[in-house]
Structures are given as C-alpha cells and as structure tokens.
Amino acid sequence: MDMSLYRFNQAKQARLAFLISLAAVFSTVFMTGLTCYFIAPLSIIIALISRGADPVLPRQAKTAVLISVIALAVNTVLLGFTFIQFTKMLADPVQRELLNETLYKQYGLTLDDFLQRAGNLLR
C-alpha cells in the first residue's frame with residue numbers, strides 16, 4: 001500500500017471528525033437535546049479510526065475528541081439545568097398556572113390535560 005495515500009486518508013478522516021465535532025458544538029448551542037448525543041460520539045469514533053496503525057492520533061483528531069467531549073459535557077449540564085428548572089416550575093403554583101394558560105392558548109389543552117392523555121396512552 002502506498003503510504004502517502006494512507007496518510008492522506010488519515011488526514012481526511014481527522015478533518016471529517018473535526019468538522020463533525022464542530023457540528024456537535026453547534027447542536028449543543030442551538031439544539032440542546034439529544035442530537036449532540038448522536039453527533040459527538042460519531043466524531044470521537046471517526047477520530048479514533050483516523051489513527052489507523054499509528055500509535056498517535058493526528059492533531060485534528062485530538063482536537064475533535066476534545067471538542068466532542070466538551071460538547072457532551074456542556075449538553076449534559078444544560079439538559080440537567082433545564083430539567084431542574086422545569087421541575088421547580090411545576091412545583092410553583094403561580095408558574096404552573098402561567099404554563100397552563102400558555103399551553104391552553106397555543107393548543108387548547110392545559111398541562112394537566114396533556115399529562116392525563118399521556119397516562120391514558122401508557123395504559
């Protein structure tokens with residue numbers, strides 16, 4: 001096998017991993033949710049594959065792994081914070097009433113109606 005072609009493919013894979021890790025950051029900032037949990041591991045896997053038979057990762061692959069891990073950590077913190085704030089909001093009667101009013105204006109159902117219908121679907 002031609003080693004220059006091998007190095008070229010490694011560089012392309014490392015660059016792809018880097019670009020996908022940037023997409024993971026983008027999904028963390030603009031689409032906080034489960035999207036990052038699919039994109040960031042993909043970037044890490046491609047970065048590790050770009051190593052090939054070499055004992056050391058290319059520089060772009062190392063950067064991709066670092067960025068992906070940071071994106072996963074930040075996304076997890078944001079989701080945790082959102083969950084905590086949402087549970088606090090549901091416990092406060094004033095905020096729950098505001099949520100019920102908003103949902104009723106938008107969908108014609110309150111949060112309690114949504115929860116009741118979801119419970120009926122699970123049975």
# chains A, B, ... in the order shown; residues from 1 in each chain; ligands from 1
call {"tool": "residues_around", "arguments": {"residues": "stretch 41-43 of chain A", "least_positions_apart": "2", "cutoff": "12 Å", "atoms": "only C-alpha atoms", "output": "number ranges by chain"}}
result
A: 13-25, 34-39, 45-50, 60-72
call {"tool": "write_last_selection", "arguments": {"atoms": "C-alpha atoms", "output": "compact mmCIF listing (two decimals), in the first residue's frame"}}
result
# COMPACT_ATOMS: atom_id res chain seq x y z
CA GLN A 13 -10.76 11.23 8.41
CA ALA A 14 -9.26 13.54 11.04
CA ARG A 15 -10.67 16.57 9.20
CA LEU A 16 -14.08 14.90 9.00
CA ALA A 17 -14.00 14.15 12.72
CA PHE A 18 -13.11 17.77 13.41
CA LEU A 19 -15.99 19.07 11.27
CA ILE A 20 -18.44 16.69 12.93
CA SER A 21 -17.23 17.84 16.36
CA LEU A 22 -18.00 21.42 15.31
CA ALA A 23 -21.49 20.22 14.35
CA ALA A 24 -21.78 18.75 17.86
CA VAL A 25 -20.95 22.15 19.35
CA LEU A 34 -30.46 14.51 22.20
CA THR A 35 -28.87 15.50 18.88
CA CYS A 36 -25.47 16.10 20.46
CA TYR A 37 -25.52 12.61 21.99
CA PHE A 38 -25.53 11.15 18.48
CA ILE A 39 -23.16 13.55 16.73
CA ILE A 45 -15.28 7.20 16.66
CA ILE A 46 -14.12 8.70 13.37
CA ALA A 47 -11.25 10.44 15.15
CA LEU A 48 -10.13 7.13 16.67
CA ILE A 49 -10.44 5.39 13.30
CA SER A 50 -8.25 8.07 11.73
CA GLN A 60 -7.04 17.42 14.17
CA ALA A 61 -8.37 14.12 15.55
CA LYS A 62 -7.16 15.01 19.05
CA THR A 63 -8.87 18.37 18.76
CA ALA A 64 -12.05 16.67 17.54
CA VAL A 65 -12.09 14.32 20.52
CA LEU A 66 -11.56 17.22 22.93
CA ILE A 67 -14.28 19.35 21.35
CA SER A 68 -16.72 16.43 21.28
CA VAL A 69 -16.16 15.60 24.94
CA ILE A 70 -16.66 19.25 25.87
CA ALA A 71 -19.85 19.41 23.78
CA LEU A 72 -21.18 16.30 25.52
call {"tool": "residues_around", "arguments": {"residues": "A:Thr110", "least_positions_apart": "5", "cutoff": "12 Å", "atoms": "only C-alpha atoms", "output": "MDAnalysis selection string"}}
result
chainID A and resid 96:105 115:117
call {"tool": "select_by_dssp", "arguments": {"residues": "stretch 24-119 of chain A", "states": "helix (DSSP H, G or I)", "output": "count of residues only"}}
result
79
call {"tool": "atom_distance", "arguments": {"atom1": "atom CA of A:Leu109", "atom2": "atom CA of A:Asp92"}}
result
19.4 Å
call {"tool": "closest_residue", "arguments": {"among": "A:Phe83, A:Lys88, A:Asn120, A:Leu78", "to": "A:Val29", "atoms": "only C-alpha atoms"}}
result
A:Leu78
call {"tool": "atom_distance", "arguments": {"atom1": "atom CA of A:Phe114", "atom2": "atom CA of A:Gly80"}}
result
22.6 Å
call {"tool": "atom_distance", "arguments": {"atom1": "atom CA of A:Gln10", "atom2": "atom CA of A:Val56"}}
result
11.5 Å
call {"tool": "closest_residue", "arguments": {"among": "A:Gly119, A:Asn9, A:Gly33, A:Gln106", "to": "A:Thr76", "atoms": "only C-alpha atoms"}}
result
A:Gly33
call {"tool": "decode", "arguments": {"residues": "stretch 47-66 of chain A", "atoms": "N, CA and C atoms", "output": "PDB file, in the first residue's frame"}}
result
ATOM      1  N   ALA A  47     -12.581   9.978  14.753  1.00  0.00           N
ATOM      2  CA  ALA A  47     -11.246  10.439  15.154  1.00  0.00           C
ATOM      3  C   ALA A  47     -10.363   9.263  15.547  1.00  0.00           C
ATOM      4  N   LEU A  48     -10.917   8.307  16.273  1.00  0.00           N
ATOM      5  CA  LEU A  48     -10.129   7.135  16.668  1.00  0.00           C
ATOM      6  C   LEU A  48      -9.796   6.253  15.476  1.00  0.00           C
ATOM      7  N   ILE A  49     -10.709   6.166  14.514  1.00  0.00           N
ATOM      8  CA  ILE A  49     -10.440   5.389  13.305  1.00  0.00           C
ATOM      9  C   ILE A  49      -9.335   6.047  12.485  1.00  0.00           C
ATOM     10  N   SER A  50      -9.269   7.379  12.527  1.00  0.00           N
ATOM     11  CA  SER A  50      -8.252   8.074  11.726  1.00  0.00           C
ATOM     12  C   SER A  50      -6.840   7.761  12.194  1.00  0.00           C
ATOM     13  N   ARG A  51      -6.700   7.229  13.383  1.00  0.00           N
ATOM     14  CA  ARG A  51      -5.376   6.865  13.885  1.00  0.00           C
ATOM     15  C   ARG A  51      -4.772   5.758  13.041  1.00  0.00           C
ATOM     16  N   GLY A  52      -5.597   4.825  12.623  1.00  0.00           N
ATOM     17  CA  GLY A  52      -5.107   3.712  11.818  1.00  0.00           C
ATOM     18  C   GLY A  52      -4.144   2.849  12.600  1.00  0.00           C
ATOM     19  N   ALA A  53      -3.005   2.524  12.012  1.00  0.00           N
ATOM     20  CA  ALA A  53      -1.996   1.688  12.669  1.00  0.00           C
ATOM     21  C   ALA A  53      -0.991   2.517  13.460  1.00  0.00           C
ATOM     22  N   ASP A  54      -1.092   3.839  13.359  1.00  0.00           N
ATOM     23  CA  ASP A  54      -0.162   4.698  14.089  1.00  0.00           C
ATOM     24  C   ASP A  54      -0.491   4.693  15.581  1.00  0.00           C
ATOM     25  N   PRO A  55       0.514   4.835  16.425  1.00  0.00           N
ATOM     26  CA  PRO A  55       0.253   4.860  17.867  1.00  0.00           C
ATOM     27  C   PRO A  55      -0.295   6.202  18.360  1.00  0.00           C
ATOM     28  N   VAL A  56      -0.210   7.241  17.533  1.00  0.00           N
ATOM     29  CA  VAL A  56      -0.607   8.583  17.954  1.00  0.00           C
ATOM     30  C   VAL A  56      -1.710   9.100  17.035  1.00  0.00           C
ATOM     31  N   LEU A  57      -2.692   9.797  17.630  1.00  0.00           N
ATOM     32  CA  LEU A  57      -3.747  10.417  16.836  1.00  0.00           C
ATOM     33  C   LEU A  57      -3.210  11.643  16.106  1.00  0.00           C
ATOM     34  N   PRO A  58      -3.718  11.915  14.906  1.00  0.00           N
ATOM     35  CA  PRO A  58      -3.378  13.184  14.251  1.00  0.00           C
ATOM     36  C   PRO A  58      -3.887  14.366  15.090  1.00  0.00           C
ATOM     37  N   ARG A  59      -3.281  15.529  14.893  1.00  0.00           N
ATOM     38  CA  ARG A  59      -3.619  16.699  15.700  1.00  0.00           C
ATOM     39  C   ARG A  59      -5.086  17.093  15.567  1.00  0.00           C
ATOM     40  N   GLN A  60      -5.625  17.067  14.357  1.00  0.00           N
ATOM     41  CA  GLN A  60      -7.042  17.418  14.168  1.00  0.00           C
ATOM     42  C   GLN A  60      -7.950  16.410  14.859  1.00  0.00           C
ATOM     43  N   ALA A  61      -7.559  15.147  14.897  1.00  0.00           N
ATOM     44  CA  ALA A  61      -8.370  14.124  15.553  1.00  0.00           C
ATOM     45  C   ALA A  61      -8.370  14.338  17.068  1.00  0.00           C
ATOM     46  N   LYS A  62      -7.212  14.708  17.615  1.00  0.00           N
ATOM     47  CA  LYS A  62      -7.156  15.011  19.047  1.00  0.00           C
ATOM     48  C   LYS A  62      -8.069  16.184  19.385  1.00  0.00           C
ATOM     49  N   THR A  63      -8.021  17.196  18.556  1.00  0.00           N
ATOM     50  CA  THR A  63      -8.871  18.370  18.764  1.00  0.00           C
ATOM     51  C   THR A  63     -10.344  17.985  18.651  1.00  0.00           C
ATOM     52  N   ALA A  64     -10.669  17.112  17.708  1.00  0.00           N
ATOM     53  CA  ALA A  64     -12.047  16.671  17.539  1.00  0.00           C
ATOM     54  C   ALA A  64     -12.542  15.918  18.767  1.00  0.00           C
ATOM     55  N   VAL A  65     -11.707  15.059  19.319  1.00  0.00           N
ATOM     56  CA  VAL A  65     -12.094  14.317  20.523  1.00  0.00           C
ATOM     57  C   VAL A  65     -12.324  15.287  21.676  1.00  0.00           C
ATOM     58  N   LEU A  66     -11.433  16.244  21.851  1.00  0.00           N
ATOM     59  CA  LEU A  66     -11.561  17.215  22.934  1.00  0.00           C
ATOM     60  C   LEU A  66     -12.834  18.049  22.781  1.00  0.00           C
TER      61      LEU A  66
END
